[in-house]
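One file, target39.json, carrying JSON, C-alpha atoms:
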```json
[["chain", "number", "residue", "atom", "x", "y", "z"],
["H", 1, "MET", "CA", 19.76, 18.89, 3.35],
["H", 2, "SER", "CA", 21.48, 16.21, 1.24],
["H", 3, "ALA", "CA", 25.18, 15.63, 1.49],
["H", 4, "SER", "CA", 26.71, 15.61, -1.97],
["H", 5, "PRO", "CA", 30.00, 14.11, -3.04],
["H", 6, "ALA", "CA", 32.76, 16.65, -2.44],
["H", 7, "VAL", "CA", 34.10, 15.81, -5.88],
["H", 8, "PRO", "CA", 31.88, 14.36, -8.60],
["H", 9, "HIS", "CA", 32.70, 10.69, -8.83],
["H", 10, "THR", "CA", 34.06, 9.21, -11.98],
["H", 11, "THR", "CA", 31.75, 6.57, -13.29],
["H", 12, "ASP", "CA", 31.63, 3.90, -15.94],
["H", 13, "LEU", "CA", 27.88, 4.34, -16.37],
["H", 14, "ASP", "CA", 26.94, 3.80, -20.03],
["H", 15, "PRO", "CA", 26.64, 7.32, -21.54],
["H", 16, "ALA", "CA", 23.46, 6.15, -23.31],
["H", 17, "VAL", "CA", 21.94, 5.62, -19.86],
["H", 18, "ALA", "CA", 23.49, 8.70, -18.27],
["H", 19, "VAL", "CA", 21.95, 10.99, -20.87],
["H", 20, "ARG", "CA", 18.48, 9.81, -19.85],
["H", 21, "LEU", "CA", 18.85, 10.92, -16.22],
["H", 22, "LYS", "CA", 17.70, 14.18, -14.67],
["H", 23, "ARG", "CA", 19.57, 14.54, -11.41],
["H", 24, "ASP", "CA", 18.79, 16.84, -8.50],
["H", 25, "ALA", "CA", 21.11, 19.62, -7.36],
["H", 26, "ASN", "CA", 23.23, 17.01, -5.57],
["H", 27, "GLY", "CA", 23.57, 14.79, -8.61],
["H", 28, "LEU", "CA", 21.13, 12.24, -7.22],
["H", 29, "VAL", "CA", 18.02, 10.48, -8.45],
["H", 30, "PRO", "CA", 15.48, 8.79, -6.13],
["H", 31, "ALA", "CA", 15.31, 5.02, -6.55],
["H", 32, "ILE", "CA", 12.24, 3.05, -5.51],
["H", 33, "ALA", "CA", 12.97, -0.56, -4.52],
["H", 34, "GLN", "CA", 10.11, -2.98, -5.17],
["H", 35, "GLN", "CA", 9.93, -6.71, -4.45],
["H", 36, "TYR", "CA", 9.83, -8.18, -7.97],
["H", 37, "ASP", "CA", 7.23, -10.89, -7.39],
["H", 38, "THR", "CA", 4.89, -9.61, -4.68],
["H", 39, "GLY", "CA", 4.99, -5.96, -5.79],
["H", 40, "GLU", "CA", 5.67, -4.67, -2.26],
["H", 41, "VAL", "CA", 7.28, -1.24, -2.26],
["H", 42, "LEU", "CA", 10.20, -1.84, 0.09],
["H", 43, "MET", "CA", 12.00, 1.48, 0.47],
["H", 44, "MET", "CA", 13.32, 4.49, -1.37],
["H", 45, "GLY", "CA", 16.99, 5.39, -1.64],
["H", 46, "TRP", "CA", 19.13, 7.69, -3.77],
["H", 47, "MET", "CA", 21.59, 6.94, -6.55],
["H", 48, "ASP", "CA", 24.22, 8.94, -8.35],
["H", 49, "ASP", "CA", 25.49, 7.77, -11.73],
["H", 50, "GLU", "CA", 28.05, 5.42, -10.22],
["H", 51, "ALA", "CA", 25.55, 3.85, -7.79],
["H", 52, "LEU", "CA", 23.27, 3.20, -10.76],
["H", 53, "HIS", "CA", 26.18, 1.75, -12.72],
["H", 54, "ARG", "CA", 26.97, -0.65, -9.86],
["H", 55, "THR", "CA", 23.29, -1.56, -9.52],
["H", 56, "LEU", "CA", 23.09, -2.35, -13.24],
["H", 57, "THR", "CA", 26.29, -4.39, -13.37],
["H", 58, "THR", "CA", 26.89, -6.11, -10.02],
["H", 59, "GLY", "CA", 23.49, -7.62, -9.35],
["H", 60, "ARG", "CA", 23.36, -5.90, -5.94],
["H", 61, "CYS", "CA", 21.33, -2.76, -5.33],
["H", 62, "THR", "CA", 23.72, 0.07, -4.45],
["H", 63, "TYR", "CA", 22.69, 3.49, -3.16],
["H", 64, "TRP", "CA", 24.40, 6.74, -2.29],
["H", 65, "SER", "CA", 24.00, 7.31, 1.44],
["H", 66, "ARG", "CA", 23.21, 10.99, 1.94],
["H", 67, "SER", "CA", 23.79, 10.76, 5.71],
["H", 68, "ARG", "CA", 27.13, 8.96, 5.47],
["H", 69, "SER", "CA", 28.26, 10.39, 2.10],
["H", 70, "GLU", "CA", 29.33, 7.00, 0.81],
["H", 71, "TYR", "CA", 28.17, 4.19, -1.41],
["H", 72, "TRP", "CA", 25.94, 1.73, 0.35],
["H", 73, "VAL", "CA", 25.54, -1.80, -0.96],
["H", 74, "LYS", "CA", 22.23, -2.76, 0.58],
["H", 75, "GLY", "CA", 22.75, -5.73, 2.89],
["H", 76, "ASP", "CA", 26.54, -5.46, 3.27],
["H", 77, "THR", "CA", 26.08, -4.82, 7.00],
["H", 78, "SER", "CA", 22.71, -6.46, 7.68],
["H", 79, "GLY", "CA", 22.85, -9.37, 5.26],
["H", 80, "HIS", "CA", 19.51, -8.12, 3.94],
["H", 81, "VAL", "CA", 20.67, -7.88, 0.35],
["H", 82, "GLN", "CA", 18.63, -6.77, -2.64],
["H", 83, "VAL", "CA", 19.32, -8.91, -5.70],
["H", 84, "VAL", "CA", 18.59, -6.78, -8.77],
["H", 85, "LYS", "CA", 16.02, -8.14, -11.23],
["H", 86, "SER", "CA", 15.32, -5.09, -13.40],
["H", 87, "VAL", "CA", 15.77, -1.33, -13.46],
["H", 88, "ALA", "CA", 13.64, 1.28, -15.21],
["H", 89, "VAL", "CA", 13.79, 5.05, -15.44],
["H", 90, "ASP", "CA", 10.58, 7.05, -15.59],
["H", 91, "CYS", "CA", 9.26, 9.22, -18.42],
["H", 92, "ASP", "CA", 10.91, 12.34, -16.99],
["H", 93, "GLY", "CA", 14.26, 10.69, -16.26],
["H", 94, "ASP", "CA", 14.11, 11.77, -12.64],
["H", 95, "THR", "CA", 13.07, 8.58, -10.82],
["H", 96, "LEU", "CA", 14.30, 4.99, -10.90],
["H", 97, "LEU", "CA", 12.31, 1.83, -10.19],
["H", 98, "VAL", "CA", 14.46, -1.12, -9.16],
["H", 99, "LYS", "CA", 12.79, -4.51, -8.93],
["H", 100, "VAL", "CA", 14.71, -6.69, -6.50],
["H", 101, "ASP", "CA", 14.59, -9.90, -4.57],
["H", 102, "GLN", "CA", 14.82, -8.64, -0.99],
["H", 103, "HIS", "CA", 16.41, -11.06, 1.46],
["H", 104, "GLY", "CA", 14.88, -10.57, 4.90],
["H", 105, "ALA", "CA", 13.79, -7.16, 6.11],
["H", 106, "ALA", "CA", 14.24, -4.11, 3.91],
["H", 107, "CYS", "CA", 13.86, -1.71, 6.86],
["H", 108, "HIS", "CA", 16.52, -1.08, 9.48],
["H", 109, "THR", "CA", 13.76, -1.45, 12.11],
["H", 110, "GLY", "CA", 13.35, -5.11, 11.15],
["H", 111, "ASP", "CA", 10.09, -4.50, 9.31],
["H", 112, "ARG", "CA", 9.72, -6.05, 5.89],
["H", 113, "THR", "CA", 9.24, -2.62, 4.28],
["H", 114, "CYS", "CA", 10.02, 0.91, 5.42],
["H", 115, "PHE", "CA", 6.32, 1.78, 5.16],
["H", 116, "ASP", "CA", 4.89, -0.97, 7.41],
["H", 117, "ALA", "CA", 4.69, 1.16, 10.56],
["H", 118, "GLY", "CA", 3.69, 4.42, 8.91],
["H", 119, "GLN", "CA", -0.03, 4.32, 8.08],
["H", 120, "LEU", "CA", -1.59, 7.80, 8.07],
["H", 121, "PRO", "CA", -5.30, 8.47, 8.64],
["H", 122, "VAL", "CA", -7.31, 8.73, 5.40],
["H", 123, "THR", "CA", -10.71, 10.18, 6.09],
["H", 124, "THR", "CA", -12.49, 9.50, 2.81],
["H", 125, "ALA", "CA", -11.29, 6.03, 1.73],
["X", 1, "MET", "CA", 16.10, 22.66, -9.66],
["X", 2, "SER", "CA", 12.77, 22.50, -7.82],
["X", 3, "ALA", "CA", 10.47, 25.46, -7.75],
["X", 4, "SER", "CA", 9.32, 26.12, -4.22],
["X", 5, "PRO", "CA", 6.28, 28.02, -3.08],
["X", 6, "ALA", "CA", 7.17, 31.70, -2.88],
["X", 7, "VAL", "CA", 5.40, 31.82, 0.46],
["X", 8, "PRO", "CA", 4.95, 28.73, 2.62],
["X", 9, "HIS", "CA", 1.37, 27.67, 2.24],
["X", 10, "THR", "CA", -0.93, 27.57, 5.19],
["X", 11, "THR", "CA", -2.24, 24.10, 5.76],
["X", 12, "ASP", "CA", -4.77, 22.24, 7.84],
["X", 13, "LEU", "CA", -2.59, 19.13, 7.92],
["X", 14, "ASP", "CA", -3.00, 17.37, 11.26],
["X", 15, "PRO", "CA", 0.00, 18.48, 13.39],
["X", 16, "ALA", "CA", 0.37, 14.86, 14.55],
["X", 17, "VAL", "CA", 1.04, 13.95, 10.90],
["X", 18, "ALA", "CA", 3.12, 17.04, 10.11],
["X", 19, "VAL", "CA", 5.57, 16.29, 12.91],
["X", 20, "ARG", "CA", 6.37, 12.93, 11.30],
["X", 21, "LEU", "CA", 7.55, 14.46, 8.01],
["X", 22, "LYS", "CA", 11.10, 15.28, 6.99],
["X", 23, "ARG", "CA", 10.86, 17.67, 4.06],
["X", 24, "ASP", "CA", 13.55, 18.62, 1.57],
["X", 25, "ALA", "CA", 14.92, 22.15, 1.24],
["X", 26, "ASN", "CA", 11.82, 23.10, -0.77],
["X", 27, "GLY", "CA", 9.38, 21.77, 1.83],
["X", 28, "LEU", "CA", 8.54, 18.74, -0.28],
["X", 29, "VAL", "CA", 8.43, 14.99, 0.25],
["X", 30, "PRO", "CA", 8.48, 12.45, -2.60],
["X", 31, "ALA", "CA", 5.26, 10.45, -2.93],
["X", 32, "ILE", "CA", 5.19, 7.07, -4.66],
["X", 33, "ALA", "CA", 1.82, 6.20, -6.22],
["X", 34, "GLN", "CA", 1.08, 2.47, -6.35],
["X", 35, "GLN", "CA", -1.97, 0.70, -7.78],
["X", 36, "TYR", "CA", -3.57, -0.72, -4.64],
["X", 37, "ASP", "CA", -4.56, -4.14, -6.00],
["X", 38, "THR", "CA", -2.00, -5.07, -8.66],
["X", 39, "GLY", "CA", 0.97, -3.47, -6.88],
["X", 40, "GLU", "CA", 2.13, -1.62, -10.01],
["X", 41, "VAL", "CA", 4.30, 1.40, -9.19],
["X", 42, "LEU", "CA", 2.60, 4.07, -11.28],
["X", 43, "MET", "CA", 4.63, 7.26, -10.82],
["X", 44, "MET", "CA", 6.36, 9.46, -8.31],
["X", 45, "GLY", "CA", 5.30, 12.99, -7.46],
["X", 46, "TRP", "CA", 6.00, 15.52, -4.73],
["X", 47, "MET", "CA", 3.83, 16.76, -1.87],
["X", 48, "ASP", "CA", 4.07, 19.64, 0.53],
["X", 49, "ASP", "CA", 2.05, 19.56, 3.75],
["X", 50, "GLU", "CA", -1.08, 20.94, 2.12],
["X", 51, "ALA", "CA", -0.94, 18.50, -0.82],
["X", 52, "LEU", "CA", -0.70, 15.68, 1.71],
["X", 53, "HIS", "CA", -3.61, 17.14, 3.67],
["X", 54, "ARG", "CA", -5.75, 17.25, 0.52],
["X", 55, "THR", "CA", -4.67, 13.70, -0.40],
["X", 56, "LEU", "CA", -5.66, 12.45, 3.06],
["X", 57, "THR", "CA", -9.00, 14.22, 3.17],
["X", 58, "THR", "CA", -10.43, 14.58, -0.37],
["X", 59, "GLY", "CA", -9.99, 11.04, -1.69],
["X", 60, "ARG", "CA", -8.05, 12.37, -4.69],
["X", 61, "CYS", "CA", -4.29, 12.22, -4.93],
["X", 62, "THR", "CA", -2.92, 15.76, -4.99],
["X", 63, "TYR", "CA", 0.67, 16.73, -5.72],
["X", 64, "TRP", "CA", 2.74, 19.89, -5.75],
["X", 65, "SER", "CA", 3.85, 20.52, -9.34],
["X", 66, "ARG", "CA", 7.47, 21.67, -9.22],
["X", 67, "SER", "CA", 7.40, 22.76, -12.88],
["X", 68, "ARG", "CA", 4.17, 24.75, -12.62],
["X", 69, "SER", "CA", 4.46, 25.75, -8.93],
["X", 70, "GLU", "CA", 0.87, 24.85, -8.21],
["X", 71, "TYR", "CA", -1.24, 22.12, -6.70],
["X", 72, "TRP", "CA", -2.04, 19.37, -9.12],
["X", 73, "VAL", "CA", -5.03, 17.13, -8.55],
["X", 74, "LYS", "CA", -4.06, 14.10, -10.61],
["X", 75, "GLY", "CA", -6.64, 13.59, -13.35],
["X", 76, "ASP", "CA", -8.21, 17.07, -13.28],
["X", 77, "THR", "CA", -7.02, 17.68, -16.83],
["X", 78, "SER", "CA", -6.68, 14.13, -18.19],
["X", 79, "GLY", "CA", -9.53, 12.42, -16.35],
["X", 80, "HIS", "CA", -6.98, 9.87, -15.19],
["X", 81, "VAL", "CA", -7.73, 10.32, -11.51],
["X", 82, "GLN", "CA", -6.11, 8.53, -8.60],
["X", 83, "VAL", "CA", -8.63, 7.52, -5.94],
["X", 84, "VAL", "CA", -6.78, 7.33, -2.61],
["X", 85, "LYS", "CA", -6.95, 4.02, -0.77],
["X", 86, "SER", "CA", -4.21, 4.43, 1.86],
["X", 87, "VAL", "CA", -1.21, 6.58, 2.67],
["X", 88, "ALA", "CA", 1.90, 5.64, 4.64],
["X", 89, "VAL", "CA", 5.06, 7.49, 5.59],
["X", 90, "ASP", "CA", 8.36, 5.63, 5.74],
["X", 91, "CYS", "CA", 10.57, 4.96, 8.78],
["X", 92, "ASP", "CA", 12.61, 8.13, 8.16],
["X", 93, "GLY", "CA", 9.62, 10.36, 7.49],
["X", 94, "ASP", "CA", 11.00, 11.45, 4.15],
["X", 95, "THR", "CA", 8.98, 9.38, 1.65],
["X", 96, "LEU", "CA", 5.25, 8.75, 1.20],
["X", 97, "LEU", "CA", 3.59, 5.68, -0.30],
["X", 98, "VAL", "CA", 0.10, 6.36, -1.62],
["X", 99, "LYS", "CA", -1.98, 3.37, -2.67],
["X", 100, "VAL", "CA", -4.53, 4.44, -5.24],
["X", 101, "ASP", "CA", -7.03, 3.20, -7.75],
["X", 102, "GLN", "CA", -5.66, 4.66, -10.99],
["X", 103, "HIS", "CA", -8.27, 5.37, -13.66],
["X", 104, "GLY", "CA", -6.70, 4.91, -17.11],
["X", 105, "ALA", "CA", -3.09, 5.80, -17.75],
["X", 106, "ALA", "CA", -0.92, 7.22, -14.99],
["X", 107, "CYS", "CA", 1.65, 8.57, -17.45],
["X", 108, "HIS", "CA", 1.19, 11.66, -19.59],
["X", 109, "THR", "CA", 2.51, 9.59, -22.53],
["X", 110, "GLY", "CA", -0.53, 7.35, -22.33],
["X", 111, "ASP", "CA", 1.38, 4.46, -20.78],
["X", 112, "ARG", "CA", -0.13, 2.78, -17.77],
["X", 113, "THR", "CA", 2.87, 3.66, -15.62],
["X", 114, "CYS", "CA", 5.66, 6.21, -15.97],
["X", 115, "PHE", "CA", 8.20, 3.38, -15.96],
["X", 116, "ASP", "CA", 6.79, 1.28, -18.83],
["X", 117, "ALA", "CA", 9.07, 2.69, -21.53],
["X", 118, "GLY", "CA", 12.18, 3.04, -19.40],
["X", 119, "GLN", "CA", 13.84, -0.36, -19.04],
["X", 120, "LEU", "CA", 17.60, -0.10, -18.55],
["X", 121, "PRO", "CA", 20.08, -2.86, -19.40],
["X", 122, "VAL", "CA", 20.95, -5.07, -16.40],
["X", 123, "THR", "CA", 23.97, -7.20, -17.16],
["X", 124, "THR", "CA", 23.90, -9.67, -14.29],
["X", 125, "ALA", "CA", 20.22, -10.42, -13.72]]
```

What does this structure look like when you write it as structure tokens?
Amino acid sequence: MSASPAVPHTTDLDPAVAVRLKRDANGLVPAIAQQYDTGEVLMMGWMDDEALHRTLTTGRCTYWSRSRSEYWVKGDTSGHVQVVKSVAVDCDGDTLLVKVDQHGAACHTGDRTCFDAGQLPVTTA
Amino acid sequence: MSASPAVPHTTDLDPAVAVRLKRDANGLVPAIAQQYDTGEVLMMGWMDDEALHRTLTTGRCTYWSRSRSEYWVKGDTSGHVQVVKSVAVDCDGDTLLVKVDQHGAACHTGDRTCFDAGQLPVTTA
């Protein structure tokens, strides 16, 4: 389902970080983007080692686009950049949490978050 | 990497909800659990259609355990239950955001969240 790089990318990711990651079959780890001050969950994207390296060192959240098979610096097209505040990996090494300052809408629909329009019916809440 | 159900499970998930989901090759969708009032991102798990159905209708967050290949009602063993407050699907249909009231620690290590011990070095923040 996911497009993977035809050739594994070379990366300058710190080996001490790389060893903590558990990647999926396509070499990717899901990355949750959260607004650092309000706590809003904005979106989820995917990172390979090099996308994580760029996120950790450029100040701009960078994903691997599975549909376009290319790196995607969030906001390069829309102007809706994500300025990186902190990054954490979870206890299993298979999920990233990136706290960002989101400029404008995170969602391509224009919504603030990708979850704004997606409420599902909970029958026991 | 992910164990998938040997046989697709039957499910009572509302077809109007099911049609909105884009599942991975194993029939799963990542589900982000967030503390409903503080906004803390607690953990990420995986749901198939039936796990989502149970989450939407039982009041208890239920995942598909990829390592054990079974349904996993969060807190059944640890007592650290997640009471479901709301569930949303993202714009692409491939990620769920479950707002919960987490009792005790979300992480099996005893940490409040699975990301507490995982800070990575950001060099430009």

Write out as a PyMOL selection string every residue belonging to chain H that has an atom at most 7 Å from any atom of chain X, counting only C-alpha atoms.
chain H and resi 1+24-25+39-40+56-59+84-91+114-115+118-125

Residues within 6 Å of X:Thr62, only C-alpha atoms, excluding chain neighbours under 2 positions, as a list in words
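After dropping sequence-adjacent residues, the list is Ala51, Thr55, Trp72, Val73 and Lys74 of chain X.
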
Go ahead and compute the interatomic distance for atom CA of H:Tyr63 and atom CA of H:Ala31, in Å to one decimal.
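Atom CA of H:Ala31 lies at a distance of 8.3 Å from atom CA of H:Tyr63.
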
Computed interatomic separation between atom CA of H:Ala18 and atom CA of H:Leu52 (Å)
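Here the two named atoms are 9.3 Å from each other.
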
Length of the atom CA of H:Gln102 to atom CA of X:Tyr36 vector [Å]
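Atom CA of X:Tyr36 lies 20.4 Å from atom CA of H:Gln102.
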
Fewer than 5 positions away in the same chain doesn't count, so skip those; otherwise give me all residues within 9 Å of H:Leu28, counting only C-alpha atoms, as a PDB file with C-alpha atoms, in the frame of the given file.
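Here's the written file around39.pdb:
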```
ATOM      1  CA  SER H   4      26.710  15.610  -1.970  1.00  0.00           C
ATOM      2  CA  LYS H  22      17.700  14.180 -14.670  1.00  0.00           C
ATOM      3  CA  ARG H  23      19.570  14.540 -11.410  1.00  0.00           C
ATOM      4  CA  TRP H  46      19.130   7.690  -3.770  1.00  0.00           C
ATOM      5  CA  MET H  47      21.590   6.940  -6.550  1.00  0.00           C
ATOM      6  CA  ASP H  48      24.220   8.940  -8.350  1.00  0.00           C
ATOM      7  CA  ASP H  49      25.490   7.770 -11.730  1.00  0.00           C
ATOM      8  CA  TRP H  64      24.400   6.740  -2.290  1.00  0.00           C
ATOM      9  CA  ASP H  94      14.110  11.770 -12.640  1.00  0.00           C
TER      10      ASP H  94
END
```

Could you tell me which of H:Lys99, H:His9, H:Arg112, H:His80 comes closest to H:Glu50 if we count only C-alpha atoms?
H:His9

Using all atoms listed in the file, pick whichever of X:Ser65, X:Gly104, X:Thr11, X:Gly27 has the shortest atom-to-atom distance to X:Ser78.
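Checking each candidate against X:Ser78, we get X:Gly104 as the closest.
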
Return stretch 64-85 of chain H, completed with N, CA and C atoms, as a JSON list (two decimals), in the frame of the given file.
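That gives us selection-v2.json:
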```
[["chain", "number", "residue", "atom", "x", "y", "z"],
["H", 64, "TRP", "N", 23.54, 5.73, -2.88],
["H", 64, "TRP", "CA", 24.40, 6.74, -2.29],
["H", 64, "TRP", "C", 23.77, 7.14, -0.96],
["H", 65, "SER", "N", 24.51, 6.93, 0.13],
["H", 65, "SER", "CA", 24.00, 7.31, 1.44],
["H", 65, "SER", "C", 24.22, 8.80, 1.66],
["H", 66, "ARG", "N", 23.11, 9.55, 1.74],
["H", 66, "ARG", "CA", 23.21, 10.99, 1.94],
["H", 66, "ARG", "C", 23.69, 11.31, 3.34],
["H", 67, "SER", "N", 23.38, 10.47, 4.32],
["H", 67, "SER", "CA", 23.79, 10.76, 5.71],
["H", 67, "SER", "C", 25.26, 10.41, 5.93],
["H", 68, "ARG", "N", 25.74, 9.38, 5.25],
["H", 68, "ARG", "CA", 27.13, 8.96, 5.47],
["H", 68, "ARG", "C", 28.06, 9.40, 4.34],
["H", 69, "SER", "N", 27.48, 9.96, 3.27],
["H", 69, "SER", "CA", 28.26, 10.39, 2.10],
["H", 69, "SER", "C", 29.17, 9.28, 1.59],
["H", 70, "GLU", "N", 28.55, 8.12, 1.37],
["H", 70, "GLU", "CA", 29.33, 7.00, 0.81],
["H", 70, "GLU", "C", 28.40, 6.05, 0.09],
["H", 71, "TYR", "N", 28.98, 5.21, -0.76],
["H", 71, "TYR", "CA", 28.17, 4.19, -1.41],
["H", 71, "TYR", "C", 27.75, 3.17, -0.38],
["H", 72, "TRP", "N", 26.57, 2.62, -0.63],
["H", 72, "TRP", "CA", 25.94, 1.73, 0.35],
["H", 72, "TRP", "C", 25.36, 0.56, -0.43],
["H", 73, "VAL", "N", 26.05, -0.58, -0.34],
["H", 73, "VAL", "CA", 25.54, -1.80, -0.96],
["H", 73, "VAL", "C", 24.55, -2.41, 0.01],
["H", 74, "LYS", "N", 23.29, -2.32, -0.33],
["H", 74, "LYS", "CA", 22.23, -2.76, 0.58],
["H", 74, "LYS", "C", 22.49, -4.20, 1.03],
["H", 75, "GLY", "N", 22.56, -4.40, 2.34],
["H", 75, "GLY", "CA", 22.75, -5.73, 2.89],
["H", 75, "GLY", "C", 24.18, -6.04, 3.28],
["H", 76, "ASP", "N", 25.15, -5.17, 2.93],
["H", 76, "ASP", "CA", 26.54, -5.46, 3.27],
["H", 76, "ASP", "C", 26.73, -5.57, 4.79],
["H", 77, "THR", "N", 25.98, -4.76, 5.54],
["H", 77, "THR", "CA", 26.08, -4.82, 7.00],
["H", 77, "THR", "C", 25.05, -5.80, 7.58],
["H", 78, "SER", "N", 23.83, -5.71, 7.08],
["H", 78, "SER", "CA", 22.71, -6.46, 7.68],
["H", 78, "SER", "C", 22.56, -7.87, 7.12],
["H", 79, "GLY", "N", 23.13, -8.11, 5.96],
["H", 79, "GLY", "CA", 22.85, -9.37, 5.26],
["H", 79, "GLY", "C", 21.56, -9.33, 4.47],
["H", 80, "HIS", "N", 20.81, -8.24, 4.61],
["H", 80, "HIS", "CA", 19.51, -8.12, 3.94],
["H", 80, "HIS", "C", 19.70, -7.54, 2.54],
["H", 81, "VAL", "N", 20.30, -8.34, 1.68],
["H", 81, "VAL", "CA", 20.67, -7.88, 0.35],
["H", 81, "VAL", "C", 19.45, -7.73, -0.55],
["H", 82, "GLN", "N", 19.62, -6.92, -1.58],
["H", 82, "GLN", "CA", 18.63, -6.77, -2.64],
["H", 82, "GLN", "C", 19.28, -7.23, -3.95],
["H", 83, "VAL", "N", 18.82, -8.38, -4.43],
["H", 83, "VAL", "CA", 19.32, -8.91, -5.70],
["H", 83, "VAL", "C", 18.52, -8.24, -6.83],
["H", 84, "VAL", "N", 19.23, -7.59, -7.73],
["H", 84, "VAL", "CA", 18.59, -6.78, -8.77],
["H", 84, "VAL", "C", 17.98, -7.66, -9.86],
["H", 85, "LYS", "N", 16.72, -7.42, -10.16],
["H", 85, "LYS", "CA", 16.02, -8.14, -11.23],
["H", 85, "LYS", "C", 15.85, -7.27, -12.47]]
```
